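Okay, input-v1.pdb is below, PDB, C-alpha atoms, pLDDT in the B column:
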```
ATOM      1  CA  MET A   1       2.231 -14.588   0.014  1.00 93.00           C
ATOM      2  CA  TYR A   2      -0.428 -13.189   2.290  1.00 95.00           C
ATOM      3  CA  LEU A   3      -1.581  -9.588   2.317  1.00 95.00           C
ATOM      4  CA  ASN A   4      -0.849  -9.349   6.055  1.00 95.00           C
ATOM      5  CA  GLN A   5       2.841 -10.074   5.323  1.00 97.00           C
ATOM      6  CA  ILE A   6       2.996  -6.968   3.132  1.00 97.00           C
ATOM      7  CA  VAL A   7       1.186  -4.862   5.743  1.00 97.00           C
ATOM      8  CA  LEU A   8       3.531  -6.125   8.477  1.00 97.00           C
ATOM      9  CA  ILE A   9       6.651  -5.215   6.469  1.00 97.00           C
ATOM     10  CA  ALA A  10       5.216  -1.793   5.554  1.00 97.00           C
ATOM     11  CA  ALA A  11       4.330  -1.155   9.220  1.00 97.00           C
ATOM     12  CA  THR A  12       7.879  -2.101  10.217  1.00 97.00           C
ATOM     13  CA  ILE A  13       9.335   0.293   7.625  1.00 97.00           C
ATOM     14  CA  LEU A  14       7.036   3.046   8.919  1.00 97.00           C
ATOM     15  CA  ASN A  15       7.710   2.279  12.617  1.00 96.00           C
ATOM     16  CA  LEU A  16       4.020   1.660  13.271  1.00 95.00           C
ATOM     17  CA  ASN A  17       4.618  -0.552  16.309  1.00 94.00           C
ATOM     18  CA  ASN A  18       0.923  -0.776  17.208  1.00 93.00           C
ATOM     19  CA  VAL A  19       0.214  -2.289  13.764  1.00 94.00           C
ATOM     20  CA  VAL A  20       3.122  -4.731  14.106  1.00 94.00           C
ATOM     21  CA  LYS A  21       1.805  -5.855  17.528  1.00 93.00           C
ATOM     22  CA  TYR A  22      -1.708  -6.242  16.127  1.00 93.00           C
ATOM     23  CA  ILE A  23      -0.630  -8.397  13.185  1.00 93.00           C
ATOM     24  CA  GLU A  24       1.769 -10.533  15.229  1.00 92.00           C
ATOM     25  CA  ASN A  25      -0.314 -10.942  18.407  1.00 89.00           C
ATOM     26  CA  LYS A  26      -3.757  -9.482  17.643  1.00 84.00           C
ATOM     27  CA  THR A  27      -3.058  -6.956  20.428  1.00 79.00           C
ATOM     28  CA  VAL A  28      -5.003  -3.746  19.864  1.00 81.00           C
ATOM     29  CA  SER A  29      -3.434  -0.516  21.036  1.00 79.00           C
ATOM     30  CA  GLY A  30      -4.037   3.065  19.971  1.00 79.00           C
ATOM     31  CA  LYS A  31      -5.246   3.449  16.424  1.00 89.00           C
ATOM     32  CA  ALA A  32      -4.015   0.001  15.361  1.00 90.00           C
ATOM     33  CA  LEU A  33      -7.248  -1.062  13.655  1.00 93.00           C
ATOM     34  CA  GLU A  34      -7.536   2.202  11.711  1.00 94.00           C
ATOM     35  CA  GLU A  35      -3.916   1.952  10.608  1.00 95.00           C
ATOM     36  CA  VAL A  36      -4.291  -1.715   9.604  1.00 95.00           C
ATOM     37  CA  ASP A  37      -7.362  -0.837   7.544  1.00 95.00           C
ATOM     38  CA  LYS A  38      -5.517   2.045   5.883  1.00 97.00           C
ATOM     39  CA  LEU A  39      -2.457  -0.093   5.091  1.00 97.00           C
ATOM     40  CA  THR A  40      -4.698  -2.857   3.727  1.00 96.00           C
ATOM     41  CA  ARG A  41      -6.413  -0.410   1.370  1.00 96.00           C
ATOM     42  CA  LEU A  42      -3.064   1.033   0.282  1.00 97.00           C
ATOM     43  CA  THR A  43      -1.708  -2.469  -0.354  1.00 96.00           C
ATOM     44  CA  ASN A  44      -4.696  -3.197  -2.596  1.00 94.00           C
ATOM     45  CA  LEU A  45      -4.043   0.106  -4.378  1.00 94.00           C
ATOM     46  CA  VAL A  46      -0.360  -0.639  -5.028  1.00 95.00           C
ATOM     47  CA  ILE A  47      -1.143  -4.156  -6.259  1.00 94.00           C
ATOM     48  CA  SER A  48      -3.872  -2.826  -8.558  1.00 90.00           C
ATOM     49  CA  GLU A  49      -1.474  -0.232  -9.977  1.00 90.00           C
ATOM     50  CA  LEU A  50       0.950  -3.029 -10.870  1.00 91.00           C
ATOM     51  CA  ALA A  51      -1.700  -4.460 -13.213  1.00 88.00           C
ATOM     52  CA  VAL A  52      -1.070  -1.471 -15.482  1.00 85.00           C
ATOM     53  CA  MET A  53       2.486  -2.831 -15.874  1.00 85.00           C
ATOM     54  CA  GLU A  54       1.006  -6.277 -16.602  1.00 88.00           C
ATOM     55  CA  ILE A  55       2.082  -7.592 -13.214  1.00 90.00           C
ATOM     56  CA  TYR A  56      -1.117  -9.298 -12.168  1.00 92.00           C
ATOM     57  CA  ILE A  57      -2.360 -11.168  -9.168  1.00 93.00           C
ATOM     58  CA  ILE A  58      -3.776 -14.450 -10.362  1.00 93.00           C
ATOM     59  CA  ARG A  59      -6.145 -17.078  -9.115  1.00 92.00           C
ATOM     60  CA  SER A  60      -6.995 -20.582 -10.260  1.00 91.00           C
ATOM     61  CA  GLN A  61     -10.512 -21.676  -9.565  1.00 90.00           C
ATOM     62  CA  ALA A  62     -12.414 -24.866 -10.250  1.00 87.00           C
ATOM     63  CA  ARG A  63     -15.487 -24.418 -12.434  1.00 82.00           C
ATOM     64  CA  SER A  64     -17.627 -26.649 -14.565  1.00 77.00           C
ATOM     65  CA  VAL A  65     -19.125 -25.516 -17.840  1.00 78.00           C
ATOM     66  CA  SER A  66     -22.835 -25.062 -18.366  1.00 73.00           C
ATOM     67  CA  ASN A  67     -23.765 -24.984 -22.078  1.00 80.00           C
ATOM     68  CA  GLY A  68     -20.131 -24.190 -22.916  1.00 81.00           C
ATOM     69  CA  THR A  69     -20.227 -20.995 -20.848  1.00 87.00           C
ATOM     70  CA  ILE A  70     -18.548 -19.810 -17.661  1.00 87.00           C
ATOM     71  CA  VAL A  71     -20.197 -16.660 -16.355  1.00 88.00           C
ATOM     72  CA  TYR A  72     -17.825 -14.266 -14.554  1.00 90.00           C
ATOM     73  CA  THR A  73     -20.293 -13.793 -11.709  1.00 89.00           C
ATOM     74  CA  ALA A  74     -19.718 -17.457 -10.827  1.00 88.00           C
ATOM     75  CA  LEU A  75     -16.063 -16.692 -10.077  1.00 90.00           C
ATOM     76  CA  ARG A  76     -14.719 -15.289  -6.799  1.00 90.00           C
ATOM     77  CA  ALA A  77     -13.617 -12.054  -8.507  1.00 88.00           C
ATOM     78  CA  LYS A  78     -14.309 -10.482 -11.874  1.00 85.00           C
ATOM     79  CA  PRO A  79     -11.417 -11.304 -14.202  1.00 91.00           C
ATOM     80  CA  ILE A  80      -9.423  -8.587 -15.918  1.00 90.00           C
ATOM     81  CA  LYS A  81      -7.446 -11.117 -17.979  1.00 92.00           C
ATOM     82  CA  ILE A  82      -7.930 -14.848 -18.622  1.00 92.00           C
ATOM     83  CA  PHE A  83      -4.695 -16.860 -18.679  1.00 92.00           C
ATOM     84  CA  GLY A  84      -6.149 -20.259 -19.407  1.00 91.00           C
ATOM     85  CA  VAL A  85      -8.872 -22.866 -19.119  1.00 90.00           C
ATOM     86  CA  TYR A  86      -7.741 -26.396 -18.139  1.00 89.00           C
ATOM     87  CA  ASP A  87      -8.972 -29.911 -17.442  1.00 83.00           C
ATOM     88  CA  ASP A  88      -8.075 -32.125 -14.444  1.00 79.00           C
ATOM     89  CA  GLU A  89      -4.800 -33.180 -16.030  1.00 83.00           C
ATOM     90  CA  GLY A  90      -3.644 -29.644 -16.849  1.00 84.00           C
ATOM     91  CA  ASN A  91      -4.435 -29.769 -20.566  1.00 88.00           C
ATOM     92  CA  GLU A  92      -5.306 -26.323 -21.859  1.00 90.00           C
ATOM     93  CA  TYR A  93      -8.568 -25.776 -23.727  1.00 87.00           C
ATOM     94  CA  GLU A  94      -9.331 -23.150 -26.324  1.00 89.00           C
ATOM     95  CA  PHE A  95     -11.747 -20.461 -25.188  1.00 90.00           C
ATOM     96  CA  THR A  96     -13.156 -17.113 -26.231  1.00 91.00           C
ATOM     97  CA  ALA A  97     -13.500 -14.360 -23.623  1.00 90.00           C
ATOM     98  CA  TYR A  98     -16.513 -12.053 -23.794  1.00 91.00           C
ATOM     99  CA  PRO A  99     -17.332  -9.100 -21.512  1.00 90.00           C
ATOM    100  CA  GLU A 100     -19.560 -11.180 -19.216  1.00 91.00           C
ATOM    101  CA  TYR A 101     -18.500 -14.799 -19.792  1.00 90.00           C
ATOM    102  CA  ILE A 102     -16.067 -17.285 -21.330  1.00 89.00           C
ATOM    103  CA  LYS A 103     -17.148 -19.650 -24.080  1.00 89.00           C
ATOM    104  CA  THR A 104     -15.488 -23.052 -24.582  1.00 85.00           C
ATOM    105  CA  ASP A 105     -16.482 -26.319 -26.198  1.00 76.00           C
ATOM    106  CA  ASN A 106     -14.868 -28.479 -23.549  1.00 70.00           C
ATOM    107  CA  ARG A 107     -15.668 -29.491 -20.000  1.00 75.00           C
ATOM    108  CA  VAL A 108     -13.527 -27.263 -17.798  1.00 74.00           C
ATOM    109  CA  THR A 109     -12.273 -27.911 -14.307  1.00 74.00           C
ATOM    110  CA  ASN A 110      -9.918 -24.946 -13.741  1.00 88.00           C
ATOM    111  CA  ILE A 111      -9.750 -21.387 -14.933  1.00 91.00           C
ATOM    112  CA  THR A 112      -6.711 -19.198 -14.233  1.00 92.00           C
ATOM    113  CA  TYR A 113      -7.293 -15.461 -14.363  1.00 93.00           C
ATOM    114  CA  ALA A 114      -6.014 -12.076 -13.223  1.00 93.00           C
ATOM    115  CA  TYR A 115      -8.295  -9.879 -11.159  1.00 91.00           C
ATOM    116  CA  ALA A 116      -8.332  -6.442  -9.534  1.00 86.00           C
ATOM    117  CA  CYS A 117      -7.071  -6.577  -5.971  1.00 86.00           C
ATOM    118  CA  ASN A 118      -9.618  -5.946  -3.253  1.00 88.00           C
ATOM    119  CA  GLU A 119      -8.451  -8.477  -0.697  1.00 89.00           C
ATOM    120  CA  GLY A 120      -8.691  -8.607   3.063  1.00 91.00           C
ATOM    121  CA  LEU A 121      -5.794  -8.755   5.489  1.00 91.00           C
ATOM    122  CA  ASP A 122      -5.696 -12.568   5.753  1.00 92.00           C
ATOM    123  CA  GLU A 123      -6.080 -13.330   2.029  1.00 93.00           C
ATOM    124  CA  LYS A 124      -3.447 -15.185   0.045  1.00 93.00           C
ATOM    125  CA  ILE A 125      -2.339 -13.535  -3.177  1.00 93.00           C
ATOM    126  CA  THR A 126      -0.260 -14.936  -6.020  1.00 92.00           C
ATOM    127  CA  PHE A 127       1.477 -12.804  -8.614  1.00 92.00           C
ATOM    128  CA  SER A 128       1.876 -13.734 -12.261  1.00 88.00           C
ATOM    129  CA  ASP A 129       5.574 -12.820 -11.874  1.00 89.00           C
ATOM    130  CA  TYR A 130       7.194 -15.012  -9.224  1.00 89.00           C
ATOM    131  CA  ARG A 131       9.874 -12.363  -8.589  1.00 91.00           C
ATOM    132  CA  ILE A 132       7.418 -10.018  -6.857  1.00 94.00           C
ATOM    133  CA  THR A 133       8.037 -10.181  -3.097  1.00 95.00           C
ATOM    134  CA  PRO A 134       6.187  -8.859  -0.053  1.00 96.00           C
ATOM    135  CA  ASP A 135       9.219  -6.618   0.642  1.00 96.00           C
ATOM    136  CA  LEU A 136       8.933  -4.968  -2.770  1.00 96.00           C
ATOM    137  CA  ILE A 137       5.204  -4.304  -2.450  1.00 96.00           C
ATOM    138  CA  ALA A 138       5.734  -2.970   1.101  1.00 97.00           C
ATOM    139  CA  LEU A 139       8.060  -0.277  -0.267  1.00 97.00           C
ATOM    140  CA  GLY A 140       5.250   0.997  -2.486  1.00 96.00           C
ATOM    141  CA  VAL A 141       2.781   0.817   0.404  1.00 97.00           C
ATOM    142  CA  ALA A 142       5.146   2.811   2.653  1.00 97.00           C
ATOM    143  CA  ALA A 143       5.449   5.481  -0.053  1.00 96.00           C
ATOM    144  CA  GLU A 144       1.663   5.712  -0.440  1.00 96.00           C
ATOM    145  CA  TYR A 145       1.158   5.869   3.333  1.00 97.00           C
ATOM    146  CA  LEU A 146       3.617   8.749   3.722  1.00 96.00           C
ATOM    147  CA  LEU A 147       1.960  10.514   0.809  1.00 95.00           C
ATOM    148  CA  THR A 148      -1.360  10.446   2.724  1.00 95.00           C
ATOM    149  CA  LEU A 149       0.456  12.198   5.597  1.00 95.00           C
ATOM    150  CA  ASN A 150       1.914  14.838   3.245  1.00 95.00           C
ATOM    151  CA  ASP A 151       5.428  13.587   4.018  1.00 95.00           C
ATOM    152  CA  PHE A 152       6.642  14.092   0.470  1.00 95.00           C
ATOM    153  CA  GLU A 153      10.337  13.531   1.198  1.00 96.00           C
ATOM    154  CA  GLY A 154       9.665  10.188   2.853  1.00 95.00           C
ATOM    155  CA  ALA A 155       7.200   9.218   0.125  1.00 94.00           C
ATOM    156  CA  ILE A 156       9.755  10.011  -2.580  1.00 95.00           C
ATOM    157  CA  LYS A 157      12.453   8.008  -0.761  1.00 96.00           C
ATOM    158  CA  TRP A 158      10.346   4.842  -0.538  1.00 96.00           C
ATOM    159  CA  HIS A 159       8.821   5.322  -3.990  1.00 95.00           C
ATOM    160  CA  GLU A 160      12.316   5.478  -5.506  1.00 95.00           C
ATOM    161  CA  LYS A 161      13.256   2.212  -3.784  1.00 96.00           C
ATOM    162  CA  PHE A 162       9.996   0.658  -5.014  1.00 95.00           C
ATOM    163  CA  THR A 163      10.655   1.874  -8.559  1.00 93.00           C
ATOM    164  CA  GLU A 164      14.242   0.578  -8.468  1.00 93.00           C
ATOM    165  CA  GLY A 165      12.938  -2.847  -7.467  1.00 92.00           C
ATOM    166  CA  LEU A 166      10.409  -2.833 -10.301  1.00 90.00           C
ATOM    167  CA  CYS A 167      13.054  -1.704 -12.813  1.00 89.00           C
ATOM    168  CA  ALA A 168      15.225  -4.629 -11.753  1.00 87.00           C
ATOM    169  CA  LEU A 169      12.374  -6.912 -12.873  1.00 82.00           C
ATOM    170  CA  LYS A 170      12.537  -5.531 -16.409  1.00 75.00           C
ATOM    171  CA  THR A 171      15.644  -7.577 -17.169  1.00 64.00           C
ATOM    172  CA  PRO A 172      14.603 -10.485 -19.362  1.00 60.00           C
ATOM    173  CA  LYS A 173      14.262 -13.716 -17.421  1.00 52.00           C
ATOM    174  CA  ALA A 174      16.319 -15.492 -20.093  1.00 41.00           C
ATOM    175  CA  VAL A 175      19.264 -13.163 -19.447  1.00 42.00           C
ATOM    176  CA  GLU A 176      19.262 -13.554 -15.652  1.00 43.00           C
ATOM    177  CA  GLN A 177      22.536 -14.835 -14.324  1.00 42.00           C
ATOM    178  CA  THR A 178      22.477 -18.192 -12.636  1.00 42.00           C
ATOM    179  CA  SER A 179      26.093 -19.264 -12.181  1.00 42.00           C
ATOM    180  CA  GLU A 180      27.864 -18.262 -15.382  1.00 45.00           C
ATOM    181  CA  PRO A 181      27.327 -14.951 -17.178  1.00 44.00           C
ATOM    182  CA  LYS A 182      25.842 -15.424 -20.619  1.00 46.00           C
ATOM    183  CA  ASN A 183      26.597 -13.393 -23.731  1.00 45.00           C
ATOM    184  CA  VAL A 184      23.450 -12.272 -25.426  1.00 42.00           C
ATOM    185  CA  THR A 185      23.348 -10.919 -28.955  1.00 44.00           C
ATOM    186  CA  ILE A 186      20.406  -9.424 -30.729  1.00 43.00           C
ATOM    187  CA  LYS A 187      19.979 -10.292 -34.386  1.00 45.00           C
ATOM    188  CA  GLU A 188      20.271  -7.415 -36.802  1.00 49.00           C
ATOM    189  CA  ARG A 189      17.089  -6.545 -38.650  1.00 44.00           C
ATOM    190  CA  SER A 190      16.939  -7.085 -42.354  1.00 45.00           C
ATOM    191  CA  PHE A 191      14.612  -5.082 -44.544  1.00 40.00           C
ATOM    192  CA  ILE A 192      15.489  -6.792 -47.802  1.00 42.00           C
TER
END
```

In structure tokens, what does this structure look like?
Amino acid sequence: MYLNQIVLIAATILNLNNVVKYIENKTVSGKALEEVDKLTRLTNLVISELAVMEIYIIRSQARSVSNGTIVYTALRAKPIKIFGVYDDEGNEYEFTAYPEYIKTDNRVTNITYAYACNEGLDEKITFSDYRITPDLIALGVAAEYLLTLNDFEGAIKWHEKFTEGLCALKTPKAVEQTSEPKNVTIKERSFI
């Protein structure tokens, strides 16, 4: 998904027609640019807050190893969590993460990591949880936007919808219904 998709949906929810026109046609009217900038910052804020719930935005980036080390400054963004280090064929390598670099014994071609969101309007973002949608994020952005306007009732309304959507994600993926409902039992603990 692209960040501008989230901003467009949030602007539609908020009836910010000048923002919708700007994103769809690049037509500037009124305070469109200010509002787009504000919604972009709020989108980054909401996405960053999701990292606390371990819902990360991730990036895979090609890198080669110099002396067994990948320095974080060589990456597009500073990682907050490393998911894996891989070769051309997708084989995962062992690595050790340090505050400023990653150490591995192997030649690396790809590193997949989570990072703090500070993206521009036209940037593509990928979540670690495929169930996160632009619509869901836009609900959180709408709530934050209304909060900046001191519209607490509206902010609460959209925040509740956002929270409901996030709570729906807490169901284990293994229990999700596909076509037939599944019975799930949890083993009893034994302390003997």

Pull out every residue that the PyMOL selection byres ((chain A and resi 80-95) around 7) matches in the shown coordinates and put them as a PDB file with C-alpha atoms, in the coordinates of the input.
```pdb
ATOM      1  CA  LYS A  78     -14.309 -10.482 -11.874  1.00 85.00           C
ATOM      2  CA  PRO A  79     -11.417 -11.304 -14.202  1.00 91.00           C
ATOM      3  CA  THR A  96     -13.156 -17.113 -26.231  1.00 91.00           C
ATOM      4  CA  ALA A  97     -13.500 -14.360 -23.623  1.00 90.00           C
ATOM      5  CA  ILE A 102     -16.067 -17.285 -21.330  1.00 89.00           C
ATOM      6  CA  LYS A 103     -17.148 -19.650 -24.080  1.00 89.00           C
ATOM      7  CA  THR A 104     -15.488 -23.052 -24.582  1.00 85.00           C
ATOM      8  CA  ASN A 106     -14.868 -28.479 -23.549  1.00 70.00           C
ATOM      9  CA  VAL A 108     -13.527 -27.263 -17.798  1.00 74.00           C
ATOM     10  CA  THR A 109     -12.273 -27.911 -14.307  1.00 74.00           C
ATOM     11  CA  ASN A 110      -9.918 -24.946 -13.741  1.00 88.00           C
ATOM     12  CA  ILE A 111      -9.750 -21.387 -14.933  1.00 91.00           C
ATOM     13  CA  THR A 112      -6.711 -19.198 -14.233  1.00 92.00           C
ATOM     14  CA  TYR A 113      -7.293 -15.461 -14.363  1.00 93.00           C
ATOM     15  CA  ALA A 114      -6.014 -12.076 -13.223  1.00 93.00           C
ATOM     16  CA  TYR A 115      -8.295  -9.879 -11.159  1.00 91.00           C
ATOM     17  CA  ALA A 116      -8.332  -6.442  -9.534  1.00 86.00           C
TER      18      ALA A 116
END
```

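Between atom CA of A:Ile23 and atom CA of A:Asn4 the separation is 7.2 Å.
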
- request: Name every residue that the PyMOL selection byres ((chain A and resi 6) around 12) selects in this structure, writing the answer as an MDAnalysis selection string with chains first and numbers rising.
  value: chainID A and resid 1:5 7:13 19:20 23 36 39:44 46:47 120:125 132:142

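Ranking A:Val28, A:Ile156, A:Ala77, A:Val65 by their shortest atom-to-atom distance to A:Asn118, with only C-alpha atoms included, puts A:Ala77 first.
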
My structure is short of atoms at stretch 89-114 of chain A; please model N, CA and C atoms there, returning them as an mmCIF file, in the coordinates of the input.
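Okay, this is what ended up in rebuild.cif:
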```
data_model
loop_
_atom_site.group_PDB
_atom_site.id
_atom_site.type_symbol
_atom_site.label_atom_id
_atom_site.label_comp_id
_atom_site.auth_asym_id
_atom_site.auth_seq_id
_atom_site.Cartn_x
_atom_site.Cartn_y
_atom_site.Cartn_z
ATOM 1 N N GLU A 89 -6.185 -32.783 -15.800
ATOM 2 C CA GLU A 89 -4.800 -33.180 -16.030
ATOM 3 C C GLU A 89 -3.907 -32.023 -16.450
ATOM 4 N N GLY A 90 -4.447 -30.810 -16.494
ATOM 5 C CA GLY A 90 -3.644 -29.644 -16.849
ATOM 6 C C GLY A 90 -3.596 -29.344 -18.337
ATOM 7 N N ASN A 91 -4.391 -30.051 -19.131
ATOM 8 C CA ASN A 91 -4.435 -29.769 -20.566
ATOM 9 C C ASN A 91 -5.221 -28.487 -20.798
ATOM 10 N N GLU A 92 -4.669 -27.614 -21.612
ATOM 11 C CA GLU A 92 -5.306 -26.323 -21.859
ATOM 12 C C GLU A 92 -6.352 -26.445 -22.965
ATOM 13 N N TYR A 93 -7.495 -25.803 -22.749
ATOM 14 C CA TYR A 93 -8.568 -25.776 -23.727
ATOM 15 C C TYR A 93 -8.611 -24.424 -24.419
ATOM 16 N N GLU A 94 -9.101 -24.416 -25.636
ATOM 17 C CA GLU A 94 -9.331 -23.150 -26.324
ATOM 18 C C GLU A 94 -10.588 -22.522 -25.744
ATOM 19 N N PHE A 95 -10.591 -21.187 -25.716
ATOM 20 C CA PHE A 95 -11.747 -20.461 -25.188
ATOM 21 C C PHE A 95 -11.814 -19.093 -25.863
ATOM 22 N N THR A 96 -12.969 -18.483 -25.772
ATOM 23 C CA THR A 96 -13.156 -17.113 -26.231
ATOM 24 C C THR A 96 -13.714 -16.323 -25.058
ATOM 25 N N ALA A 97 -13.061 -15.205 -24.741
ATOM 26 C CA ALA A 97 -13.500 -14.360 -23.623
ATOM 27 C C ALA A 97 -14.418 -13.253 -24.143
ATOM 28 N N TYR A 98 -15.556 -13.112 -23.497
ATOM 29 C CA TYR A 98 -16.513 -12.053 -23.794
ATOM 30 C C TYR A 98 -16.617 -11.157 -22.563
ATOM 31 N N PRO A 99 -17.269 -10.007 -22.664
ATOM 32 C CA PRO A 99 -17.332 -9.100 -21.512
ATOM 33 C C PRO A 99 -17.954 -9.700 -20.245
ATOM 34 N N GLU A 100 -18.874 -10.639 -20.382
ATOM 35 C CA GLU A 100 -19.560 -11.180 -19.216
ATOM 36 C C GLU A 100 -19.326 -12.673 -18.979
ATOM 37 N N TYR A 101 -18.679 -13.352 -19.926
ATOM 38 C CA TYR A 101 -18.500 -14.799 -19.792
ATOM 39 C C TYR A 101 -17.375 -15.304 -20.696
ATOM 40 N N ILE A 102 -17.029 -16.578 -20.487
ATOM 41 C CA ILE A 102 -16.067 -17.285 -21.330
ATOM 42 C C ILE A 102 -16.826 -18.391 -22.044
ATOM 43 N N LYS A 103 -16.514 -18.596 -23.298
ATOM 44 C CA LYS A 103 -17.148 -19.650 -24.080
ATOM 45 C C LYS A 103 -16.086 -20.680 -24.460
ATOM 46 N N THR A 104 -16.381 -21.953 -24.208
ATOM 47 C CA THR A 104 -15.488 -23.052 -24.582
ATOM 48 C C THR A 104 -16.326 -24.265 -24.957
ATOM 49 N N ASP A 105 -15.759 -25.115 -25.775
ATOM 50 C CA ASP A 105 -16.482 -26.319 -26.198
ATOM 51 C C ASP A 105 -16.245 -27.489 -25.254
ATOM 52 N N ASN A 106 -15.275 -27.355 -24.385
ATOM 53 C CA ASN A 106 -14.868 -28.479 -23.549
ATOM 54 C C ASN A 106 -15.353 -28.333 -22.112
ATOM 55 N N ARG A 107 -15.339 -29.472 -21.423
ATOM 56 C CA ARG A 107 -15.668 -29.491 -20.000
ATOM 57 C C ARG A 107 -14.452 -28.961 -19.243
ATOM 58 N N VAL A 108 -14.629 -27.940 -18.468
ATOM 59 C CA VAL A 108 -13.527 -27.263 -17.798
ATOM 60 C C VAL A 108 -13.511 -27.601 -16.320
ATOM 61 N N THR A 109 -12.343 -27.727 -15.744
ATOM 62 C CA THR A 109 -12.273 -27.911 -14.307
ATOM 63 C C THR A 109 -11.533 -26.768 -13.622
ATOM 64 N N ASN A 110 -10.648 -26.069 -14.341
ATOM 65 C CA ASN A 110 -9.918 -24.946 -13.741
ATOM 66 C C ASN A 110 -9.811 -23.793 -14.715
ATOM 67 N N ILE A 111 -9.958 -22.605 -14.161
ATOM 68 C CA ILE A 111 -9.750 -21.387 -14.933
ATOM 69 C C ILE A 111 -8.735 -20.551 -14.161
ATOM 70 N N THR A 112 -7.723 -20.048 -14.855
ATOM 71 C CA THR A 112 -6.711 -19.198 -14.233
ATOM 72 C C THR A 112 -6.883 -17.804 -14.805
ATOM 73 N N TYR A 113 -7.016 -16.822 -13.918
ATOM 74 C CA TYR A 113 -7.293 -15.461 -14.363
ATOM 75 C C TYR A 113 -6.652 -14.430 -13.444
ATOM 76 N N ALA A 114 -6.471 -13.226 -13.994
ATOM 77 C CA ALA A 114 -6.014 -12.076 -13.223
ATOM 78 C C ALA A 114 -7.246 -11.291 -12.806
#
```
